[in-house]
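Report on the following structure.
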Amino acid sequence: MKLWIARVLISAVVIVFLAWLLPGVAVASSWKAVVAAVVLSLINSFIKPILVLLTLPVTIVTLGLFLFVVNALMVLLAANWIDGFRVDGFWWALLFSFLLSIINSWLQGWLLSSHQQEE
């Protein structure tokens, strides 16, 4: 549970940073960024696997590139559900989801690797 909370908080920081960096993405406050991180985590845990399974033929044909589209759709879904988190269209969602996954992977690997070695 502590690891999940740490990952959500790292994602919230990245969401705030990307909202500052990208003009097509906005977050009203740091608490809304935490809510967005939690909602994206839940969406990626429950809805995304179903969508990936349904789009598997397209994903295979595009050699996995269609997963970027699925990620962008998950970001747009979260933006529709959360007041105070806004993404201005598909292309901003695509760029946001790509940068979020890259920065999250790097930060979580860097910050949480020492925690995993201790256990």
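By convention in this document, the chains of the structure tokens carry letters A, B, ... by their order, each chain's residues are numbered from 1, and ligands are numbered from 1 in the order they are shown.
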
Exercise for the section: Would you kindly return, as number ranges by chain, each protein, DNA or RNA residue with an atom no farther than 12 Å from any atom of Ile102 (chain A), considering only C-alpha atoms and excluding same-chain residues fewer than 5 positions away? Expected result: A: 11, 14, 18, 95-97, 107-109

Handout entry: DSSP helix (DSSP H, G or I) selection over chain A, as a ChimeraX atom specification
Key = /A:2-21,30-46,48-54,56-61,66-81,90-118

Practice task
May I have the residues within 6 Å of Gly24 (chain A) as a ChimeraX atom specification, using only C-alpha atoms and disregarding those fewer than 5 positions away in the same chain?
Solution key: /A:87-88,92

Compile the contact shell of region 49-51 of chain A as a PDB file with N, CA, C and O atoms, in the first residue's frame: residues with an atom at most 12 Å away, counting only C-alpha atoms, same-chain residues fewer than 2 positions apart removed.
ATOM      1  N   LEU A  42      -6.564   3.921 -11.239  1.00  0.00           N
ATOM      2  CA  LEU A  42      -7.719   3.016 -11.246  1.00  0.00           C
ATOM      3  C   LEU A  42      -8.176   2.676 -12.657  1.00  0.00           C
ATOM      4  O   LEU A  42      -8.517   1.526 -12.949  1.00  0.00           O
ATOM      5  N   ILE A  43      -8.179   3.674 -13.531  1.00  0.00           N
ATOM      6  CA  ILE A  43      -8.545   3.430 -14.926  1.00  0.00           C
ATOM      7  C   ILE A  43      -7.562   2.449 -15.563  1.00  0.00           C
ATOM      8  O   ILE A  43      -7.964   1.510 -16.264  1.00  0.00           O
ATOM      9  N   ASN A  44      -6.280   2.658 -15.319  1.00  0.00           N
ATOM     10  CA  ASN A  44      -5.267   1.766 -15.894  1.00  0.00           C
ATOM     11  C   ASN A  44      -5.328   0.367 -15.301  1.00  0.00           C
ATOM     12  O   ASN A  44      -4.889  -0.593 -15.936  1.00  0.00           O
ATOM     13  N   SER A  45      -5.877   0.230 -14.105  1.00  0.00           N
ATOM     14  CA  SER A  45      -5.990  -1.084 -13.482  1.00  0.00           C
ATOM     15  C   SER A  45      -7.226  -1.849 -13.931  1.00  0.00           C
ATOM     16  O   SER A  45      -7.182  -3.074 -14.040  1.00  0.00           O
ATOM     17  N   PHE A  46      -8.325  -1.148 -14.166  1.00  0.00           N
ATOM     18  CA  PHE A  46      -9.585  -1.832 -14.420  1.00  0.00           C
ATOM     19  C   PHE A  46     -10.116  -1.690 -15.841  1.00  0.00           C
ATOM     20  O   PHE A  46     -10.592  -2.667 -16.422  1.00  0.00           O
ATOM     21  N   ILE A  47     -10.085  -0.512 -16.414  1.00  0.00           N
ATOM     22  CA  ILE A  47     -10.681  -0.283 -17.734  1.00  0.00           C
ATOM     23  C   ILE A  47      -9.696  -0.572 -18.859  1.00  0.00           C
ATOM     24  O   ILE A  47     -10.048  -1.177 -19.870  1.00  0.00           O
ATOM     25  N   LEU A  53      -7.560  -5.634 -24.548  1.00  0.00           N
ATOM     26  CA  LEU A  53      -8.003  -6.933 -25.060  1.00  0.00           C
ATOM     27  C   LEU A  53      -8.927  -6.769 -26.261  1.00  0.00           C
ATOM     28  O   LEU A  53      -8.798  -7.498 -27.250  1.00  0.00           O
ATOM     29  N   LEU A  54      -9.832  -5.800 -26.200  1.00  0.00           N
ATOM     30  CA  LEU A  54     -10.758  -5.572 -27.313  1.00  0.00           C
ATOM     31  C   LEU A  54     -10.057  -5.043 -28.562  1.00  0.00           C
ATOM     32  O   LEU A  54     -10.514  -5.284 -29.681  1.00  0.00           O
ATOM     33  N   THR A  55      -8.966  -4.305 -28.371  1.00  0.00           N
ATOM     34  CA  THR A  55      -8.252  -3.723 -29.518  1.00  0.00           C
ATOM     35  C   THR A  55      -6.998  -4.513 -29.887  1.00  0.00           C
ATOM     36  O   THR A  55      -6.156  -4.000 -30.625  1.00  0.00           O
ATOM     37  N   LEU A  56      -6.890  -5.730 -29.400  1.00  0.00           N
ATOM     38  CA  LEU A  56      -5.692  -6.528 -29.647  1.00  0.00           C
ATOM     39  C   LEU A  56      -5.372  -6.718 -31.135  1.00  0.00           C
ATOM     40  O   LEU A  56      -4.210  -6.586 -31.525  1.00  0.00           O
ATOM     41  N   PRO A  57      -6.349  -6.993 -32.004  1.00  0.00           N
ATOM     42  CA  PRO A  57      -5.999  -7.135 -33.428  1.00  0.00           C
ATOM     43  C   PRO A  57      -5.361  -5.877 -34.023  1.00  0.00           C
ATOM     44  O   PRO A  57      -4.369  -5.964 -34.751  1.00  0.00           O
ATOM     45  N   VAL A  58      -5.915  -4.702 -33.685  1.00  0.00           N
ATOM     46  CA  VAL A  58      -5.352  -3.447 -34.195  1.00  0.00           C
ATOM     47  C   VAL A  58      -3.961  -3.224 -33.609  1.00  0.00           C
ATOM     48  O   VAL A  58      -3.050  -2.768 -34.303  1.00  0.00           O
ATOM     49  N   THR A  59      -3.789  -3.564 -32.343  1.00  0.00           N
ATOM     50  CA  THR A  59      -2.492  -3.406 -31.691  1.00  0.00           C
ATOM     51  C   THR A  59      -1.445  -4.295 -32.343  1.00  0.00           C
ATOM     52  O   THR A  59      -0.306  -3.864 -32.550  1.00  0.00           O
ATOM     53  N   PHE A  66      -0.680   1.177 -31.361  1.00  0.00           N
ATOM     54  CA  PHE A  66      -2.050   1.562 -31.014  1.00  0.00           C
ATOM     55  C   PHE A  66      -2.222   1.715 -29.508  1.00  0.00           C
ATOM     56  O   PHE A  66      -3.158   2.381 -29.046  1.00  0.00           O
ATOM     57  N   LEU A  67      -1.313   1.154 -28.720  1.00  0.00           N
ATOM     58  CA  LEU A  67      -1.388   1.321 -27.269  1.00  0.00           C
ATOM     59  C   LEU A  67      -1.212   2.781 -26.860  1.00  0.00           C
ATOM     60  O   LEU A  67      -1.729   3.201 -25.821  1.00  0.00           O
ATOM     61  N   VAL A  69      -2.588   5.200 -28.481  1.00  0.00           N
ATOM     62  CA  VAL A  69      -3.949   5.706 -28.645  1.00  0.00           C
ATOM     63  C   VAL A  69      -4.796   5.313 -27.435  1.00  0.00           C
ATOM     64  O   VAL A  69      -5.565   6.130 -26.906  1.00  0.00           O
ATOM     65  N   VAL A  70      -4.657   4.073 -26.980  1.00  0.00           N
ATOM     66  CA  VAL A  70      -5.401   3.613 -25.811  1.00  0.00           C
ATOM     67  C   VAL A  70      -5.032   4.455 -24.586  1.00  0.00           C
ATOM     68  O   VAL A  70      -5.905   4.865 -23.819  1.00  0.00           O
ATOM     69  N   ASN A  71      -3.745   4.731 -24.403  1.00  0.00           N
ATOM     70  CA  ASN A  71      -3.311   5.574 -23.279  1.00  0.00           C
ATOM     71  C   ASN A  71      -3.914   6.973 -23.371  1.00  0.00           C
ATOM     72  O   ASN A  71      -4.335   7.541 -22.360  1.00  0.00           O
ATOM     73  N   LEU A  73      -6.696   7.798 -24.809  1.00  0.00           N
ATOM     74  CA  LEU A  73      -8.122   7.689 -24.490  1.00  0.00           C
ATOM     75  C   LEU A  73      -8.347   7.584 -22.986  1.00  0.00           C
ATOM     76  O   LEU A  73      -9.324   8.132 -22.461  1.00  0.00           O
ATOM     77  N   MET A  74      -7.454   6.914 -22.285  1.00  0.00           N
ATOM     78  CA  MET A  74      -7.569   6.812 -20.824  1.00  0.00           C
ATOM     79  C   MET A  74      -7.386   8.189 -20.165  1.00  0.00           C
ATOM     80  O   MET A  74      -8.080   8.520 -19.213  1.00  0.00           O
TER      81      MET A  74
END

Problem - Who sits within 9 Å of Gly84 (chain A), only C-alpha atoms, same chain under 6 positions skipped, as a ChimeraX atom specification - result: /A:26-29,32-33

Go ahead and write the residues just picked, all heavy atoms, as a compact mmCIF listing (two decimals), in the first residue's frame.
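Writing done, so here's again.txt:
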# COMPACT_ATOMS: atom_id res chain seq x y z
N ALA A 26 -4.29 21.33 -18.23
CA ALA A 26 -4.39 22.20 -17.06
C ALA A 26 -4.89 21.39 -15.88
O ALA A 26 -5.71 20.49 -16.02
CB ALA A 26 -5.36 23.35 -17.35
N VAL A 27 -4.36 21.73 -14.72
CA VAL A 27 -4.82 21.15 -13.47
C VAL A 27 -5.02 22.31 -12.49
O VAL A 27 -4.19 23.21 -12.41
CB VAL A 27 -3.85 20.06 -12.95
CG1 VAL A 27 -2.51 20.63 -12.58
CG2 VAL A 27 -4.43 19.28 -11.81
N ALA A 28 -6.16 22.30 -11.79
CA ALA A 28 -6.54 23.44 -10.96
C ALA A 28 -5.69 23.57 -9.70
O ALA A 28 -5.41 24.67 -9.26
CB ALA A 28 -8.02 23.34 -10.59
N SER A 29 -5.30 22.44 -9.12
CA SER A 29 -4.53 22.50 -7.87
C SER A 29 -3.74 21.20 -7.71
O SER A 29 -3.93 20.25 -8.47
CB SER A 29 -5.47 22.69 -6.68
OG SER A 29 -6.27 21.54 -6.50
N LYS A 32 -6.10 18.35 -7.02
CA LYS A 32 -6.71 17.81 -8.25
C LYS A 32 -5.72 16.92 -9.00
O LYS A 32 -6.11 15.95 -9.63
CB LYS A 32 -7.19 18.95 -9.16
CG LYS A 32 -8.37 19.70 -8.61
CD LYS A 32 -9.59 18.81 -8.50
CE LYS A 32 -10.77 19.62 -8.00
NZ LYS A 32 -12.00 18.83 -7.98
N ALA A 33 -4.44 17.23 -8.90
CA ALA A 33 -3.42 16.38 -9.52
C ALA A 33 -3.36 15.03 -8.81
O ALA A 33 -3.20 13.99 -9.45
CB ALA A 33 -2.06 17.06 -9.48

Handout entry: Near-Val25 (chain A) list (6 Å; only C-alpha atoms; drop same-chain fewer than 3 positions) as a list in words
Key = Ala19, Leu22, Arg86 and Val87 of chain A

Practice task
Provide the CA of Ala6 (chain A) to CA of Trp91 (chain A) distance in Å, to one decimal place.
Solution key: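 For CA of Ala6 (chain A) relative to CA of Trp91 (chain A), the distance reads 28.5 Å.
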
Exercise for the section: as a ChimeraX atom specification, list the residues of chain A assigned to strand (DSSP E or B) by DSSP on the backbone atoms of this structure. Expected result: /A:25-27,85-87

Practice task
Considering only C-alpha atoms, return as a list in words whatever protein or nucleic-acid residues lie within 8 Å of region 38-41 of chain A, sequence-local ones (same chain, fewer than 5 positions apart) excluded.
Solution key: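 So, after excluding close chain neighbours, the residues are Val8, Met74, Val75 and Ala78 of chain A.
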
Selection above as a file: all heavy atoms, as a PDB file, in the first residue's frame:
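See out-v2.pdb below for the written result:
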ATOM      1  N   VAL A   8       1.503   7.050  -6.665  1.00  0.00           N
ATOM      2  CA  VAL A   8       0.458   8.040  -6.949  1.00  0.00           C
ATOM      3  C   VAL A   8       0.984   9.448  -6.704  1.00  0.00           C
ATOM      4  O   VAL A   8       0.735  10.365  -7.502  1.00  0.00           O
ATOM      5  CB  VAL A   8      -0.810   7.750  -6.111  1.00  0.00           C
ATOM      6  CG1 VAL A   8      -1.753   8.933  -6.122  1.00  0.00           C
ATOM      7  CG2 VAL A   8      -1.519   6.522  -6.638  1.00  0.00           C
ATOM      8  N   MET A  74      -7.454   6.914 -22.285  1.00  0.00           N
ATOM      9  CA  MET A  74      -7.569   6.812 -20.824  1.00  0.00           C
ATOM     10  C   MET A  74      -7.386   8.189 -20.165  1.00  0.00           C
ATOM     11  O   MET A  74      -8.080   8.520 -19.213  1.00  0.00           O
ATOM     12  CB  MET A  74      -6.559   5.828 -20.250  1.00  0.00           C
ATOM     13  CG  MET A  74      -6.697   4.392 -20.748  1.00  0.00           C
ATOM     14  SD  MET A  74      -8.294   3.635 -20.412  1.00  0.00           S
ATOM     15  CE  MET A  74      -9.118   3.826 -21.970  1.00  0.00           C
ATOM     16  N   VAL A  75      -6.477   8.982 -20.700  1.00  0.00           N
ATOM     17  CA  VAL A  75      -6.266  10.337 -20.178  1.00  0.00           C
ATOM     18  C   VAL A  75      -7.501  11.203 -20.454  1.00  0.00           C
ATOM     19  O   VAL A  75      -7.951  11.949 -19.574  1.00  0.00           O
ATOM     20  CB  VAL A  75      -4.998  10.968 -20.797  1.00  0.00           C
ATOM     21  CG1 VAL A  75      -4.920  12.452 -20.500  1.00  0.00           C
ATOM     22  CG2 VAL A  75      -3.759  10.253 -20.296  1.00  0.00           C
ATOM     23  N   ALA A  78     -10.225  10.252 -18.004  1.00  0.00           N
ATOM     24  CA  ALA A  78      -9.960  10.831 -16.678  1.00  0.00           C
ATOM     25  C   ALA A  78     -10.263  12.328 -16.675  1.00  0.00           C
ATOM     26  O   ALA A  78     -10.837  12.851 -15.715  1.00  0.00           O
ATOM     27  CB  ALA A  78      -8.518  10.578 -16.267  1.00  0.00           C
TER      28      ALA A  78
END

Practice task
For CA of Thr62 (chain A) and CA of Ala79 (chain A), determine how far apart the two atoms are, in Å to one decimal place.
Solution key: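 Interatomic distance, CA of Thr62 (chain A) to CA of Ala79 (chain A): 26.2 Å.
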
Exercise for the section: Would you please work out which residue, of A:Leu65, A:Leu3, A:Ile15, A:Leu111, is nearest to Ala93 (chain A) when using only C-alpha atoms? Expected result: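 Among A:Leu65, A:Leu3, A:Ile15, A:Leu111, it is A:Ile15 that comes nearest to Ala93 (chain A).
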
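If only C-alpha atoms are the atoms counted, then among A:Ile82, A:Val16, A:Leu63, A:Ala37 the closest residue to Trp4 (chain A) is A:Ala37.
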